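Novice: You'll find input-v8.pdb just under this line, and it carries PDB, C-alpha atoms.
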```pdb
ATOM      1  CA  MET A   3       0.000   0.000   0.000  1.00  0.00           C
ATOM      2  CA  ASN A   4       1.239   3.452  -0.890  1.00  0.00           C
ATOM      3  CA  THR A   5       1.786   5.653   2.167  1.00  0.00           C
ATOM      4  CA  THR A   6       2.773   8.861   0.362  1.00  0.00           C
ATOM      5  CA  ARG A   7       0.982  11.903   1.726  1.00  0.00           C
ATOM      6  CA  SER A   8       0.835  15.228  -0.063  1.00  0.00           C
ATOM      7  CA  ALA A   9       0.860  18.493   1.865  1.00  0.00           C
ATOM      8  CA  ARG A  10      -2.627  19.860   2.534  1.00  0.00           C
ATOM      9  CA  PRO A  11      -4.398  21.964   5.130  1.00  0.00           C
ATOM     10  CA  ALA A  12      -5.663  20.176   8.221  1.00  0.00           C
ATOM     11  CA  LEU A  13      -9.342  19.404   8.687  1.00  0.00           C
ATOM     12  CA  THR A  14     -10.944  19.816  12.088  1.00  0.00           C
ATOM     13  CA  ARG A  15     -14.414  19.780  13.536  1.00  0.00           C
ATOM     14  CA  PRO A  16     -16.262  23.103  13.090  1.00  0.00           C
ATOM     15  CA  ASP A  17     -15.346  24.004  16.700  1.00  0.00           C
ATOM     16  CA  GLY A  18     -11.644  23.489  15.965  1.00  0.00           C
ATOM     17  CA  THR A  19     -11.277  20.215  17.888  1.00  0.00           C
ATOM     18  CA  PRO A  20      -9.842  17.095  16.194  1.00  0.00           C
ATOM     19  CA  LEU A  21     -12.134  14.998  14.028  1.00  0.00           C
ATOM     20  CA  ARG A  22     -12.994  11.627  15.574  1.00  0.00           C
ATOM     21  CA  VAL A  23     -12.616   8.496  13.452  1.00  0.00           C
ATOM     22  CA  LEU A  24     -13.305   4.864  14.338  1.00  0.00           C
ATOM     23  CA  VAL A  25     -11.350   2.204  12.404  1.00  0.00           C
ATOM     24  CA  VAL A  26     -12.990  -1.237  12.398  1.00  0.00           C
ATOM     25  CA  ASP A  27     -10.963  -4.133  10.983  1.00  0.00           C
ATOM     26  CA  ASP A  28     -10.072  -7.566  12.368  1.00  0.00           C
ATOM     27  CA  ASP A  29      -6.580  -7.439  10.797  1.00  0.00           C
ATOM     28  CA  PRO A  30      -4.449  -5.772  13.517  1.00  0.00           C
ATOM     29  CA  ASP A  31      -1.628  -4.851  11.143  1.00  0.00           C
ATOM     30  CA  LEU A  32      -3.984  -3.186   8.675  1.00  0.00           C
ATOM     31  CA  ALA A  33      -5.833  -1.396  11.478  1.00  0.00           C
ATOM     32  CA  GLU A  34      -2.528  -0.063  12.808  1.00  0.00           C
ATOM     33  CA  VAL A  35      -1.405   1.213   9.400  1.00  0.00           C
ATOM     34  CA  LEU A  36      -4.768   2.871   8.731  1.00  0.00           C
ATOM     35  CA  SER A  37      -4.820   4.444  12.186  1.00  0.00           C
ATOM     36  CA  GLY A  38      -1.330   5.847  11.693  1.00  0.00           C
ATOM     37  CA  ALA A  39      -2.256   7.440   8.369  1.00  0.00           C
ATOM     38  CA  LEU A  40      -5.387   9.017   9.818  1.00  0.00           C
ATOM     39  CA  ARG A  41      -3.621  10.211  12.982  1.00  0.00           C
ATOM     40  CA  TYR A  42      -1.134  11.956  10.713  1.00  0.00           C
ATOM     41  CA  GLU A  43      -4.067  14.134   9.643  1.00  0.00           C
ATOM     42  CA  GLY A  44      -4.317  15.302  13.256  1.00  0.00           C
ATOM     43  CA  TRP A  45      -7.475  13.272  13.930  1.00  0.00           C
ATOM     44  CA  LEU A  46      -8.440  11.375  17.083  1.00  0.00           C
ATOM     45  CA  ILE A  47      -8.520   7.652  16.248  1.00  0.00           C
ATOM     46  CA  ARG A  48     -10.020   4.612  17.984  1.00  0.00           C
ATOM     47  CA  THR A  49      -9.918   1.039  16.703  1.00  0.00           C
ATOM     48  CA  ALA A  50     -12.130  -2.035  17.033  1.00  0.00           C
ATOM     49  CA  ASP A  51     -11.636  -5.556  15.713  1.00  0.00           C
ATOM     50  CA  ASP A  52     -15.215  -6.835  15.630  1.00  0.00           C
ATOM     51  CA  GLY A  53     -18.789  -5.585  15.417  1.00  0.00           C
ATOM     52  CA  ALA A  54     -19.597  -5.662  19.122  1.00  0.00           C
ATOM     53  CA  SER A  55     -16.509  -3.690  20.134  1.00  0.00           C
ATOM     54  CA  ALA A  56     -17.131  -1.263  17.245  1.00  0.00           C
ATOM     55  CA  VAL A  57     -20.590  -0.366  18.547  1.00  0.00           C
ATOM     56  CA  ALA A  58     -19.266  -0.053  22.115  1.00  0.00           C
ATOM     57  CA  ALA A  59     -16.411   2.208  20.927  1.00  0.00           C
ATOM     58  CA  ALA A  60     -18.846   4.335  18.913  1.00  0.00           C
ATOM     59  CA  ARG A  61     -20.969   4.946  22.019  1.00  0.00           C
ATOM     60  CA  GLU A  62     -17.882   6.275  23.828  1.00  0.00           C
ATOM     61  CA  LEU A  63     -16.205   8.146  20.988  1.00  0.00           C
ATOM     62  CA  MET A  64     -19.271   9.413  19.063  1.00  0.00           C
ATOM     63  CA  PRO A  65     -17.191   9.396  15.857  1.00  0.00           C
ATOM     64  CA  ASP A  66     -17.575  11.778  12.947  1.00  0.00           C
ATOM     65  CA  ALA A  67     -16.542   8.975  10.564  1.00  0.00           C
ATOM     66  CA  VAL A  68     -15.995   5.223  10.528  1.00  0.00           C
ATOM     67  CA  VAL A  69     -13.684   3.149   8.337  1.00  0.00           C
ATOM     68  CA  LEU A  70     -15.515  -0.191   8.348  1.00  0.00           C
ATOM     69  CA  ASP A  71     -14.408  -3.591   7.059  1.00  0.00           C
ATOM     70  CA  VAL A  72     -17.365  -5.438   5.546  1.00  0.00           C
ATOM     71  CA  MET A  73     -16.054  -8.878   6.624  1.00  0.00           C
ATOM     72  CA  LEU A  74     -15.875  -9.062  10.429  1.00  0.00           C
ATOM     73  CA  PRO A  75     -15.528 -12.201  12.571  1.00  0.00           C
ATOM     74  CA  ASP A  76     -18.740 -11.858  14.580  1.00  0.00           C
ATOM     75  CA  VAL A  77     -21.224 -10.038  12.367  1.00  0.00           C
ATOM     76  CA  ASP A  78     -21.554  -8.683   8.838  1.00  0.00           C
ATOM     77  CA  GLY A  79     -20.300  -5.129   8.370  1.00  0.00           C
ATOM     78  CA  LEU A  80     -23.670  -4.039   6.983  1.00  0.00           C
ATOM     79  CA  ALA A  81     -25.323  -5.035  10.267  1.00  0.00           C
ATOM     80  CA  VAL A  82     -22.633  -3.098  12.146  1.00  0.00           C
ATOM     81  CA  LEU A  83     -23.420  -0.077   9.996  1.00  0.00           C
ATOM     82  CA  ARG A  84     -27.088  -0.189  11.017  1.00  0.00           C
ATOM     83  CA  ALA A  85     -26.072  -0.358  14.692  1.00  0.00           C
ATOM     84  CA  LEU A  86     -23.644   2.531  14.252  1.00  0.00           C
ATOM     85  CA  ARG A  87     -26.339   4.661  12.622  1.00  0.00           C
ATOM     86  CA  ALA A  88     -28.546   4.029  15.646  1.00  0.00           C
ATOM     87  CA  VAL A  89     -25.797   5.446  17.869  1.00  0.00           C
ATOM     88  CA  ARG A  90     -24.686   8.284  15.544  1.00  0.00           C
ATOM     89  CA  PRO A  91     -27.224   8.839  12.720  1.00  0.00           C
ATOM     90  CA  ASP A  92     -25.090  11.303  10.748  1.00  0.00           C
ATOM     91  CA  VAL A  93     -21.753   9.443  10.962  1.00  0.00           C
ATOM     92  CA  CYS A  94     -19.828   9.129   7.671  1.00  0.00           C
ATOM     93  CA  VAL A  95     -18.988   5.527   6.760  1.00  0.00           C
ATOM     94  CA  LEU A  96     -16.284   4.342   4.372  1.00  0.00           C
ATOM     95  CA  PHE A  97     -16.449   0.603   3.620  1.00  0.00           C
ATOM     96  CA  LEU A  98     -13.326  -1.502   3.146  1.00  0.00           C
ATOM     97  CA  THR A  99     -13.781  -4.823   1.388  1.00  0.00           C
ATOM     98  CA  ALA A 100     -12.060  -7.442  -0.718  1.00  0.00           C
ATOM     99  CA  ARG A 101     -15.280  -7.944  -2.680  1.00  0.00           C
ATOM    100  CA  ASP A 102     -15.407  -5.850  -5.833  1.00  0.00           C
ATOM    101  CA  THR A 103     -18.552  -6.877  -7.679  1.00  0.00           C
ATOM    102  CA  VAL A 104     -21.166  -4.328  -8.688  1.00  0.00           C
ATOM    103  CA  GLU A 105     -23.689  -6.155  -6.499  1.00  0.00           C
ATOM    104  CA  ASP A 106     -21.448  -5.825  -3.442  1.00  0.00           C
ATOM    105  CA  ARG A 107     -20.962  -2.110  -4.043  1.00  0.00           C
ATOM    106  CA  ILE A 108     -24.690  -1.561  -4.465  1.00  0.00           C
ATOM    107  CA  ALA A 109     -25.375  -3.508  -1.258  1.00  0.00           C
ATOM    108  CA  GLY A 110     -22.951  -1.351   0.705  1.00  0.00           C
ATOM    109  CA  ILE A 111     -24.267   1.948  -0.594  1.00  0.00           C
ATOM    110  CA  THR A 112     -27.896   0.831  -0.242  1.00  0.00           C
ATOM    111  CA  ALA A 113     -27.238  -0.118   3.377  1.00  0.00           C
ATOM    112  CA  GLY A 114     -26.182   3.463   4.039  1.00  0.00           C
ATOM    113  CA  GLY A 115     -22.448   3.480   3.387  1.00  0.00           C
ATOM    114  CA  ASP A 116     -21.114   6.757   2.023  1.00  0.00           C
ATOM    115  CA  ASP A 117     -18.196   5.365   0.033  1.00  0.00           C
ATOM    116  CA  TYR A 118     -16.483   2.109  -0.826  1.00  0.00           C
ATOM    117  CA  VAL A 119     -12.781   1.151  -1.182  1.00  0.00           C
ATOM    118  CA  THR A 120     -11.609  -2.298  -2.256  1.00  0.00           C
ATOM    119  CA  LYS A 121      -8.524  -4.098  -0.953  1.00  0.00           C
ATOM    120  CA  PRO A 122      -5.672  -3.735  -1.703  1.00  0.00           C
ATOM    121  CA  PHE A 123      -5.895   0.036  -1.551  1.00  0.00           C
ATOM    122  CA  SER A 124      -3.704   3.112  -1.304  1.00  0.00           C
ATOM    123  CA  LEU A 125      -3.616   4.788   2.110  1.00  0.00           C
ATOM    124  CA  GLU A 126      -3.537   8.108   0.299  1.00  0.00           C
ATOM    125  CA  GLU A 127      -6.806   7.214  -1.408  1.00  0.00           C
ATOM    126  CA  VAL A 128      -8.468   6.243   1.879  1.00  0.00           C
ATOM    127  CA  VAL A 129      -7.409   9.499   3.528  1.00  0.00           C
ATOM    128  CA  ALA A 130      -8.512  11.562   0.517  1.00  0.00           C
ATOM    129  CA  ARG A 131     -11.913   9.864   0.440  1.00  0.00           C
ATOM    130  CA  MET A 132     -12.362  10.406   4.175  1.00  0.00           C
ATOM    131  CA  ARG A 133     -11.543  14.082   3.839  1.00  0.00           C
ATOM    132  CA  GLY A 134     -14.038  14.403   0.993  1.00  0.00           C
ATOM    133  CA  LEU A 135     -16.785  12.626   2.928  1.00  0.00           C
ATOM    134  CA  LEU A 136     -16.301  14.778   6.017  1.00  0.00           C
ATOM    135  CA  ARG A 137     -16.281  18.028   4.046  1.00  0.00           C
ATOM    136  CA  ARG A 138     -19.393  17.106   2.065  1.00  0.00           C
ATOM    137  CA  ALA A 139     -21.198  16.095   5.250  1.00  0.00           C
ATOM    138  CA  GLY A 140     -20.441  19.507   6.774  1.00  0.00           C
ATOM    139  CA  MET A 141     -18.647  17.858   9.699  1.00  0.00           C
ATOM    140  CA  ALA A 142     -15.261  19.426   9.025  1.00  0.00           C
ATOM    141  CA  ARG A 143     -13.743  22.777   8.294  1.00  0.00           C
ATOM    142  CA  GLN A 144     -10.372  23.491   6.749  1.00  0.00           C
ATOM    143  CA  GLN A 145      -7.851  24.816   9.200  1.00  0.00           C
ATOM    144  CA  SER A 146      -5.228  27.405   8.376  1.00  0.00           C
ATOM    145  CA  GLU A 147      -7.022  28.711   5.304  1.00  0.00           C
ATOM    146  CA  GLY A 148      -5.179  31.979   5.818  1.00  0.00           C
ATOM    147  CA  PRO A 149      -1.813  32.901   7.295  1.00  0.00           C
ATOM    148  CA  VAL A 150      -3.098  33.035  10.901  1.00  0.00           C
ATOM    149  CA  LEU A 151      -2.921  30.019  13.239  1.00  0.00           C
ATOM    150  CA  THR A 152      -4.879  30.069  16.494  1.00  0.00           C
ATOM    151  CA  VAL A 153      -4.719  27.627  19.399  1.00  0.00           C
ATOM    152  CA  GLY A 154      -6.565  28.854  22.465  1.00  0.00           C
ATOM    153  CA  ASP A 155      -5.244  32.331  23.289  1.00  0.00           C
ATOM    154  CA  LEU A 156      -2.059  31.783  21.252  1.00  0.00           C
ATOM    155  CA  VAL A 157      -2.078  33.396  17.798  1.00  0.00           C
ATOM    156  CA  MET A 158       0.552  33.177  15.044  1.00  0.00           C
ATOM    157  CA  ASP A 159       0.560  35.365  11.931  1.00  0.00           C
ATOM    158  CA  GLU A 160       2.700  33.325   9.553  1.00  0.00           C
ATOM    159  CA  ASP A 161       3.142  36.125   7.017  1.00  0.00           C
ATOM    160  CA  ALA A 162       4.147  38.762   9.563  1.00  0.00           C
ATOM    161  CA  HIS A 163       6.137  36.255  11.652  1.00  0.00           C
ATOM    162  CA  GLU A 164       4.397  37.544  14.764  1.00  0.00           C
ATOM    163  CA  VAL A 165       3.169  35.555  17.738  1.00  0.00           C
ATOM    164  CA  THR A 166       0.914  36.836  20.508  1.00  0.00           C
ATOM    165  CA  ARG A 167      -0.650  35.294  23.581  1.00  0.00           C
ATOM    166  CA  THR A 168      -3.562  37.054  25.234  1.00  0.00           C
ATOM    167  CA  GLY A 169      -2.732  39.902  22.873  1.00  0.00           C
ATOM    168  CA  ARG A 170       0.850  40.321  24.057  1.00  0.00           C
ATOM    169  CA  LEU A 171       3.643  40.047  21.510  1.00  0.00           C
ATOM    170  CA  ILE A 172       6.138  37.199  21.993  1.00  0.00           C
ATOM    171  CA  GLU A 173       9.583  37.678  20.463  1.00  0.00           C
ATOM    172  CA  LEU A 174      10.875  34.458  18.876  1.00  0.00           C
ATOM    173  CA  SER A 175      14.016  33.521  16.971  1.00  0.00           C
ATOM    174  CA  PRO A 176      13.502  32.043  13.477  1.00  0.00           C
ATOM    175  CA  THR A 177      14.046  28.483  14.742  1.00  0.00           C
ATOM    176  CA  GLU A 178      11.759  28.981  17.753  1.00  0.00           C
ATOM    177  CA  PHE A 179       9.127  30.288  15.350  1.00  0.00           C
ATOM    178  CA  GLU A 180       9.401  27.178  13.147  1.00  0.00           C
ATOM    179  CA  VAL A 181       9.141  24.771  16.094  1.00  0.00           C
ATOM    180  CA  LEU A 182       6.108  26.611  17.427  1.00  0.00           C
ATOM    181  CA  ARG A 183       4.537  26.737  13.974  1.00  0.00           C
ATOM    182  CA  LEU A 184       4.840  22.939  13.702  1.00  0.00           C
ATOM    183  CA  LEU A 185       3.192  22.511  17.110  1.00  0.00           C
ATOM    184  CA  MET A 186       0.407  24.961  16.240  1.00  0.00           C
ATOM    185  CA  ARG A 187      -0.294  23.216  12.953  1.00  0.00           C
ATOM    186  CA  ASN A 188      -0.753  19.989  14.917  1.00  0.00           C
ATOM    187  CA  PRO A 189      -2.719  21.023  18.038  1.00  0.00           C
ATOM    188  CA  ARG A 190      -3.436  18.253  20.547  1.00  0.00           C
ATOM    189  CA  ARG A 191      -1.246  15.871  18.559  1.00  0.00           C
ATOM    190  CA  VAL A 192       1.858  14.408  20.209  1.00  0.00           C
ATOM    191  CA  LEU A 193       4.946  14.992  18.062  1.00  0.00           C
ATOM    192  CA  SER A 194       8.059  12.940  18.726  1.00  0.00           C
ATOM    193  CA  LYS A 195      11.517  14.468  18.878  1.00  0.00           C
ATOM    194  CA  ALA A 196      12.357  12.635  15.660  1.00  0.00           C
ATOM    195  CA  GLN A 197       9.345  14.165  13.883  1.00  0.00           C
ATOM    196  CA  ILE A 198      10.261  17.663  15.053  1.00  0.00           C
ATOM    197  CA  LEU A 199      13.867  17.226  13.950  1.00  0.00           C
ATOM    198  CA  ASP A 200      12.774  15.986  10.544  1.00  0.00           C
ATOM    199  CA  ARG A 201      10.213  18.736   9.932  1.00  0.00           C
ATOM    200  CA  VAL A 202      12.150  21.723  11.353  1.00  0.00           C
ATOM    201  CA  TRP A 203      15.807  20.833  10.808  1.00  0.00           C
ATOM    202  CA  SER A 204      15.326  18.341   7.928  1.00  0.00           C
ATOM    203  CA  TYR A 205      17.739  15.746   9.209  1.00  0.00           C
ATOM    204  CA  ASP A 206      17.457  12.322  10.724  1.00  0.00           C
ATOM    205  CA  PHE A 207      17.198  11.568  14.410  1.00  0.00           C
ATOM    206  CA  GLY A 208      20.307  10.127  16.001  1.00  0.00           C
ATOM    207  CA  GLY A 209      21.651  11.573  19.223  1.00  0.00           C
ATOM    208  CA  ARG A 210      20.252  15.038  18.568  1.00  0.00           C
ATOM    209  CA  ALA A 211      17.361  14.887  21.042  1.00  0.00           C
ATOM    210  CA  HIS A 212      19.016  17.664  23.040  1.00  0.00           C
ATOM    211  CA  VAL A 213      18.413  20.124  20.176  1.00  0.00           C
ATOM    212  CA  VAL A 214      14.649  19.636  20.389  1.00  0.00           C
ATOM    213  CA  GLU A 215      14.696  19.682  24.202  1.00  0.00           C
ATOM    214  CA  LEU A 216      16.633  22.961  24.124  1.00  0.00           C
ATOM    215  CA  TYR A 217      14.196  24.735  21.809  1.00  0.00           C
ATOM    216  CA  ILE A 218      11.165  23.406  23.656  1.00  0.00           C
ATOM    217  CA  SER A 219      12.641  24.861  26.854  1.00  0.00           C
ATOM    218  CA  TYR A 220      13.154  28.208  25.082  1.00  0.00           C
ATOM    219  CA  LEU A 221       9.533  28.216  23.901  1.00  0.00           C
ATOM    220  CA  ARG A 222       8.191  27.348  27.316  1.00  0.00           C
ATOM    221  CA  LYS A 223      10.020  30.312  28.839  1.00  0.00           C
ATOM    222  CA  LYS A 224       8.447  32.634  26.271  1.00  0.00           C
ATOM    223  CA  VAL A 225       5.006  31.125  25.588  1.00  0.00           C
ATOM    224  CA  ASP A 226       4.126  29.665  28.989  1.00  0.00           C
ATOM    225  CA  ALA A 227       6.003  32.000  31.356  1.00  0.00           C
ATOM    226  CA  GLY A 228       3.598  33.290  33.994  1.00  0.00           C
ATOM    227  CA  ARG A 229       0.609  31.674  32.265  1.00  0.00           C
ATOM    228  CA  GLU A 230      -1.234  28.371  32.191  1.00  0.00           C
ATOM    229  CA  PRO A 231       1.062  25.989  30.267  1.00  0.00           C
ATOM    230  CA  MET A 232       0.241  25.034  26.681  1.00  0.00           C
ATOM    231  CA  ILE A 233       3.362  23.025  25.790  1.00  0.00           C
ATOM    232  CA  HIS A 234       3.312  19.628  27.467  1.00  0.00           C
ATOM    233  CA  THR A 235       5.739  16.720  27.615  1.00  0.00           C
ATOM    234  CA  VAL A 236       4.275  13.260  27.062  1.00  0.00           C
ATOM    235  CA  ARG A 237       6.835  11.001  28.695  1.00  0.00           C
ATOM    236  CA  GLY A 238       8.393   8.592  26.234  1.00  0.00           C
ATOM    237  CA  ALA A 239       6.401   9.997  23.304  1.00  0.00           C
ATOM    238  CA  GLY A 240       7.207  13.673  22.662  1.00  0.00           C
ATOM    239  CA  TYR A 241       5.516  17.051  22.979  1.00  0.00           C
ATOM    240  CA  VAL A 242       2.011  18.371  22.464  1.00  0.00           C
ATOM    241  CA  LEU A 243       0.505  21.862  22.273  1.00  0.00           C
ATOM    242  CA  LYS A 244      -2.956  22.241  23.796  1.00  0.00           C
ATOM    243  CA  PRO A 245      -5.122  25.234  24.704  1.00  0.00           C
ATOM    244  CA  ALA A 246      -4.591  26.257  28.305  1.00  0.00           C
ATOM    245  CA  ALA A 247      -7.059  24.904  30.831  1.00  0.00           C
ATOM    246  CA  VAL A 248      -9.777  27.442  31.528  1.00  0.00           C
TER     247      VAL A 248
END
```
Take the structure I supplied and represent it as structure tokens, if you would.
Specialist:
Amino acid sequence: MNTTRSARPALTRPDGTPLRVLVVDDDPDLAEVLSGALRYEGWLIRTADDGASAVAAARELMPDAVVLDVMLPDVDGLAVLRALRAVRPDVCVLFLTARDTVEDRIAGITAGGDDYVTKPFSLEEVVARMRGLLRRAGMARQQSEGPVLTVGDLVMDEDAHEVTRTGRLIELSPTEFEVLRLLMRNPRRVLSKAQILDRVWSYDFGGRAHVVELYISYLRKKVDAGREPMIHTVRGAGYVLKPAAV
């Protein structure tokens, strides 16, 4: 499966929070790969490996969209779809299946599925179809349509290279600005040190963790000093930027 991802603006819920997607597939490796691709979009992902756990997860997550394998070990995916609609009537559903006959496609769409992808598939295609479904359903808005990024009371004007918090200007070096921009483009998403190194400095990880740690400490002194913290360390995973607790 092709995992290439082109650059594109993030999609969020209309209120700016991450979109919620449930991935239902009994193949753990496939579920992991799909989840990783969708998390890379900045979305909140849950997984389930059978129909019963899918319905239970949907009740907790209240997903905006579901990626649903038609062939599940305990119940047919079409029956799962009906149960999901009872929990979340407007949820977008993308079917995954190895069956590619016209009759199978008609059955899936007639049952209420919004789109249909056959295995093997491209991850890029799945993500693109999900984005299209969510936009058409009015469940998502495009983030960063202009040069201004906003996370809570933190605002970045990318064109002017200005950052303010609660209206007060924060002076940043060019590298500090780039690290913060990456965090602000991925709010609530944990970014590893390796990811930050790759995206900001464009070189591989390998003993350079101290560089990221240093710049995160600089940003904390400027962005969080005397205020509720927004930059958080997730032990063993990386860093995440979240709106300050009210």
Novice: So which residues fall inside 6 Å of (-21.2, 5.5, 4.4) if we count all atoms listed in the file? Mind giving them as a list in words?
Specialist: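 Within the cut-off we find Cys94, Val95, Leu96, Gly114, Gly115, Asp116 and Asp117 of chain A.
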Novice: When distances are computed from only C-alpha atoms, which of A:Leu243, A:Ala227, A:Val128, A:Val69 shows the smallest separation from Thr152 of chain A?
Specialist: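 Closest candidate: A:Leu243.
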Novice: Quick one, how far is atom CA of Val129 of chain A from atom CA of Val89 of chain A?
Specialist: 23.7 Å
Novice: Near Ala100 of chain A, within 12 Å and counting all atoms listed in the file, which residues show up once chain neighbours fewer than 4 positions away are dropped, as a list of chain:residue names?
Specialist: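 After dropping sequence-adjacent residues, the list is A:Asp71, A:Val72, A:Met73, A:Leu74, A:Asp106, A:Arg107, A:Tyr118, A:Val119, A:Thr120, A:Lys121, A:Pro122, A:Phe123.
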Novice: With all atoms listed in the file as the basis for distance, which of A:Leu86, A:Leu63, A:Ala39, A:Val68 is at the shortest distance from Val26 of chain A?
Specialist: A:Val68
Novice: Which value, in Å to one decimal, gives the distance between atom CA of Asp159 of chain A and atom CA of Met132 of chain A?
Specialist: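 Result for atom CA of Asp159 of chain A versus atom CA of Met132 of chain A: 29.2 Å, one decimal.
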Novice: Could you expand the PyMOL selection byres ((chain A and resi 160) around 10) into the explicit residues it covers here, written as a ChimeraX atom specification?
Specialist: /A:146,148-151,157-159,161-165,179-180,183
Novice: One decimal, in Å: what's the spacing between atom CA of Asp29 of chain A and atom CA of Ala54 of chain A?
Specialist: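 Going from atom CA of Asp29 of chain A over to atom CA of Ala54 of chain A, I get 15.6 Å.
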Novice: Looking at all atoms listed in the file, which of A:Ser219, A:Ala58, A:Asp66, A:Ala196 is the one that sits closest to Val23 of chain A?
Specialist: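 Of the candidates, the smallest distance to Val23 of chain A is held by A:Asp66.
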Novice: For a quick check of understanding, using only C-alpha atoms, which of A:Ala211, A:Leu216, A:Leu193, A:Ala50 has the smallest distance to His234 of chain A?
Specialist: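 Selected residue with least distance to His234 of chain A: A:Leu193.
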